[in-house]
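Everything on this sheet refers to the single structure shown next.
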Amino acid sequence: MPQPGQQPTYYRAFQFMVEIDGVSNARFQEVGGIDATTDVIEYREGGTMLGSRKLPGQTKHSNLTLKRGYTDDNQLFAWYESVMSGKTERIRRNISVVQLDMAGTEVHRWNLFEAFPVKYTAPSFNAKGNELSIETLEVAYERIERA
């Protein structure tokens, strides 16, 4: 933590890596969806006219979106395919998204637990362009921890 009056260290969005249990080629162009939202439970307490009381409720997470250049590596689609076919063994995996500094050293880590793919998007094709083909995997997860 920076001292009072000292400038905090800022990190660049392009310096990151992803680790997925059982996936050796987890290199991605873009990662998004690391968030948590806690519902608010409101109730009116008898005898007070000042308003309702608020309590924390259930915490929910968005799906993690992973985008990468399309290659002949089939590990992500095979993971999604196992979910589609109803195979229950080894579907859930843990994922870590790691923020790196400019020297490539780990500075922050978000661990996502009990993750499984819920949507796969194959690359779009356009004969007019020269962009890289991108595949997308959307992953649901149950819990987040910042390490």
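By order in the structure tokens, chains are A, B, ...; within a chain, residues start at 1; ligands start at 1, following the order shown.
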Please identify every residue of region 101-122 of chain A that has at least one atom no farther than 10 Å from an atom of region 126-140 of chain A, counting only C-alpha atoms, and for each give the shortest atom pair and the distance in Å to one decimal, arranged by chain then increasing number, as a tab-separated table.
```
residue	atom	partner	partner_atom	distance
A:Leu112	CA	A:Ala140	CA	9.3
A:Phe113	CA	A:Ala140	CA	9.4
A:Glu114	CA	A:Ala140	CA	8.2
A:Ala115	CA	A:Ala140	CA	5.4
A:Phe116	CA	A:Val139	CA	5.4
A:Pro117	CA	A:Val139	CA	4.1
A:Val118	CA	A:Val139	CA	5.5
A:Lys119	CA	A:Glu138	CA	4.9
A:Tyr120	CA	A:Leu137	CA	4.7
A:Thr121	CA	A:Thr136	CA	5.0
A:Ala122	CA	A:Glu135	CA	4.9
```
Could you write those residues out with N, CA and C atoms, as an mmCIF file, in the first residue's frame?
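Saved file result34.cif follows:
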```cif
data_model
loop_
_atom_site.group_PDB
_atom_site.id
_atom_site.type_symbol
_atom_site.label_atom_id
_atom_site.label_comp_id
_atom_site.auth_asym_id
_atom_site.auth_seq_id
_atom_site.Cartn_x
_atom_site.Cartn_y
_atom_site.Cartn_z
ATOM 1 N N LEU A 112 -10.589 -18.364 -9.536
ATOM 2 C CA LEU A 112 -12.004 -18.654 -9.775
ATOM 3 C C LEU A 112 -12.198 -20.158 -9.593
ATOM 4 N N PHE A 113 -13.149 -20.548 -8.756
ATOM 5 C CA PHE A 113 -13.296 -21.939 -8.383
ATOM 6 C C PHE A 113 -14.539 -22.578 -8.995
ATOM 7 N N GLU A 114 -14.429 -23.891 -9.232
ATOM 8 C CA GLU A 114 -15.541 -24.720 -9.727
ATOM 9 C C GLU A 114 -16.096 -24.184 -11.055
ATOM 10 N N ALA A 115 -15.214 -23.880 -11.975
ATOM 11 C CA ALA A 115 -15.600 -23.299 -13.267
ATOM 12 C C ALA A 115 -15.897 -24.388 -14.288
ATOM 13 N N PHE A 116 -16.840 -24.092 -15.179
ATOM 14 C CA PHE A 116 -17.145 -24.985 -16.298
ATOM 15 C C PHE A 116 -17.676 -24.145 -17.459
ATOM 16 N N PRO A 117 -17.401 -24.567 -18.697
ATOM 17 C CA PRO A 117 -17.821 -23.765 -19.852
ATOM 18 C C PRO A 117 -19.326 -23.851 -20.089
ATOM 19 N N VAL A 118 -19.902 -22.709 -20.462
ATOM 20 C CA VAL A 118 -21.339 -22.649 -20.730
ATOM 21 C C VAL A 118 -21.664 -22.165 -22.143
ATOM 22 N N LYS A 119 -20.660 -21.636 -22.846
ATOM 23 C CA LYS A 119 -20.905 -21.158 -24.212
ATOM 24 C C LYS A 119 -19.596 -21.148 -24.985
ATOM 25 N N TYR A 120 -19.646 -21.644 -26.200
ATOM 26 C CA TYR A 120 -18.493 -21.614 -27.096
ATOM 27 C C TYR A 120 -18.912 -20.883 -28.365
ATOM 28 N N THR A 121 -18.076 -19.963 -28.825
ATOM 29 C CA THR A 121 -18.333 -19.251 -30.077
ATOM 30 C C THR A 121 -17.151 -19.456 -31.007
ATOM 31 N N ALA A 122 -17.429 -20.051 -32.157
ATOM 32 C CA ALA A 122 -16.390 -20.271 -33.170
ATOM 33 C C ALA A 122 -16.054 -18.935 -33.839
#
```
Would you list the contacts of Val40 (chain A) as a PyMOL selection string, taking every protein, DNA or RNA residue within 7 Å and counting only C-alpha atoms, but skipping same-chain residues closer than 6 positions in sequence? chain A and resi 54-57
Picked from chain A by DSSP as strand (DSSP E or B), as a ChimeraX atom specification: /A:16-20,23,30-32,37-43,53-60,64-69,93-100,106-121,134-140,143-146
Would you mind exporting the chosen residues as a PDB file, in the first residue's frame, restricted to C-alpha atoms?
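Output saved as out-v5.pdb:
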```pdb
ATOM      1  CA  PHE A  16      -1.715 -10.864 -17.860  1.00  0.00           C
ATOM      2  CA  MET A  17      -1.836 -14.616 -18.063  1.00  0.00           C
ATOM      3  CA  VAL A  18      -4.486 -17.273 -17.485  1.00  0.00           C
ATOM      4  CA  GLU A  19      -4.024 -20.650 -15.846  1.00  0.00           C
ATOM      5  CA  ILE A  20      -6.678 -23.356 -16.275  1.00  0.00           C
ATOM      6  CA  VAL A  23      -5.289 -26.839 -20.206  1.00  0.00           C
ATOM      7  CA  GLU A  30      -8.891 -10.825 -23.858  1.00  0.00           C
ATOM      8  CA  VAL A  31     -10.360 -11.829 -20.507  1.00  0.00           C
ATOM      9  CA  GLY A  32     -13.419 -10.269 -18.896  1.00  0.00           C
ATOM     10  CA  THR A  37     -22.353  -8.620  -6.961  1.00  0.00           C
ATOM     11  CA  THR A  38     -24.105  -9.082  -3.633  1.00  0.00           C
ATOM     12  CA  ASP A  39     -27.883  -8.750  -3.510  1.00  0.00           C
ATOM     13  CA  VAL A  40     -29.366  -6.435  -0.890  1.00  0.00           C
ATOM     14  CA  ILE A  41     -32.126  -7.771   1.318  1.00  0.00           C
ATOM     15  CA  GLU A  42     -34.395  -5.013   2.602  1.00  0.00           C
ATOM     16  CA  TYR A  43     -36.868  -5.414   5.419  1.00  0.00           C
ATOM     17  CA  ARG A  53     -32.939  -2.123   7.158  1.00  0.00           C
ATOM     18  CA  LYS A  54     -30.499  -3.500   4.599  1.00  0.00           C
ATOM     19  CA  LEU A  55     -28.596  -6.778   4.861  1.00  0.00           C
ATOM     20  CA  PRO A  56     -26.201  -8.529   2.467  1.00  0.00           C
ATOM     21  CA  GLY A  57     -27.809 -11.367   0.536  1.00  0.00           C
ATOM     22  CA  GLN A  58     -26.620 -13.876  -2.045  1.00  0.00           C
ATOM     23  CA  THR A  59     -23.450 -13.104  -4.012  1.00  0.00           C
ATOM     24  CA  LYS A  60     -23.518 -13.724  -7.772  1.00  0.00           C
ATOM     25  CA  LEU A  64     -15.816 -15.254 -17.390  1.00  0.00           C
ATOM     26  CA  THR A  65     -15.233 -14.557 -21.098  1.00  0.00           C
ATOM     27  CA  LEU A  66     -12.019 -15.863 -22.660  1.00  0.00           C
ATOM     28  CA  LYS A  67     -11.048 -14.800 -26.212  1.00  0.00           C
ATOM     29  CA  ARG A  68      -8.067 -16.098 -28.127  1.00  0.00           C
ATOM     30  CA  GLY A  69      -6.720 -16.483 -31.633  1.00  0.00           C
ATOM     31  CA  ARG A  93     -11.840 -26.756 -13.025  1.00  0.00           C
ATOM     32  CA  ASN A  94     -10.151 -23.901 -11.254  1.00  0.00           C
ATOM     33  CA  ILE A  95      -8.961 -20.870 -13.204  1.00  0.00           C
ATOM     34  CA  SER A  96      -6.484 -18.172 -12.219  1.00  0.00           C
ATOM     35  CA  VAL A  97      -6.171 -14.796 -13.938  1.00  0.00           C
ATOM     36  CA  VAL A  98      -2.831 -13.237 -13.096  1.00  0.00           C
ATOM     37  CA  GLN A  99      -1.900  -9.547 -13.431  1.00  0.00           C
ATOM     38  CA  LEU A 100       1.764  -9.048 -14.308  1.00  0.00           C
ATOM     39  CA  GLU A 106       3.041 -11.621 -10.773  1.00  0.00           C
ATOM     40  CA  VAL A 107       1.466  -8.783  -8.798  1.00  0.00           C
ATOM     41  CA  HIS A 108      -2.178  -9.871  -8.388  1.00  0.00           C
ATOM     42  CA  ARG A 109      -4.061 -13.140  -8.811  1.00  0.00           C
ATOM     43  CA  TRP A 110      -7.782 -13.834  -9.043  1.00  0.00           C
ATOM     44  CA  ASN A 111      -8.661 -17.477  -8.403  1.00  0.00           C
ATOM     45  CA  LEU A 112     -12.004 -18.654  -9.775  1.00  0.00           C
ATOM     46  CA  PHE A 113     -13.296 -21.939  -8.383  1.00  0.00           C
ATOM     47  CA  GLU A 114     -15.541 -24.720  -9.727  1.00  0.00           C
ATOM     48  CA  ALA A 115     -15.600 -23.299 -13.267  1.00  0.00           C
ATOM     49  CA  PHE A 116     -17.145 -24.985 -16.298  1.00  0.00           C
ATOM     50  CA  PRO A 117     -17.821 -23.765 -19.852  1.00  0.00           C
ATOM     51  CA  VAL A 118     -21.339 -22.649 -20.730  1.00  0.00           C
ATOM     52  CA  LYS A 119     -20.905 -21.158 -24.212  1.00  0.00           C
ATOM     53  CA  TYR A 120     -18.493 -21.614 -27.096  1.00  0.00           C
ATOM     54  CA  THR A 121     -18.333 -19.251 -30.077  1.00  0.00           C
ATOM     55  CA  ILE A 134     -10.958 -15.389 -32.671  1.00  0.00           C
ATOM     56  CA  GLU A 135     -12.725 -18.118 -30.669  1.00  0.00           C
ATOM     57  CA  THR A 136     -14.576 -17.341 -27.445  1.00  0.00           C
ATOM     58  CA  LEU A 137     -15.318 -19.497 -24.428  1.00  0.00           C
ATOM     59  CA  GLU A 138     -17.701 -18.346 -21.717  1.00  0.00           C
ATOM     60  CA  VAL A 139     -17.176 -19.976 -18.332  1.00  0.00           C
ATOM     61  CA  ALA A 140     -19.400 -19.987 -15.226  1.00  0.00           C
ATOM     62  CA  ARG A 143     -16.510 -18.412  -6.151  1.00  0.00           C
ATOM     63  CA  ILE A 144     -13.770 -15.816  -6.482  1.00  0.00           C
ATOM     64  CA  GLU A 145     -10.745 -15.194  -4.303  1.00  0.00           C
ATOM     65  CA  ARG A 146      -8.058 -12.551  -4.673  1.00  0.00           C
TER      66      ARG A 146
END
```
Shell around Asp101 (chain A) at 10 Å using only C-alpha atoms, local window under 6 positions removed, as a PyMOL selection string: chain A and resi 9-16+107-108
DSSP alpha helix (DSSP H) residues within chain A, as a VMD selection string: chain A and resid 75 to 84
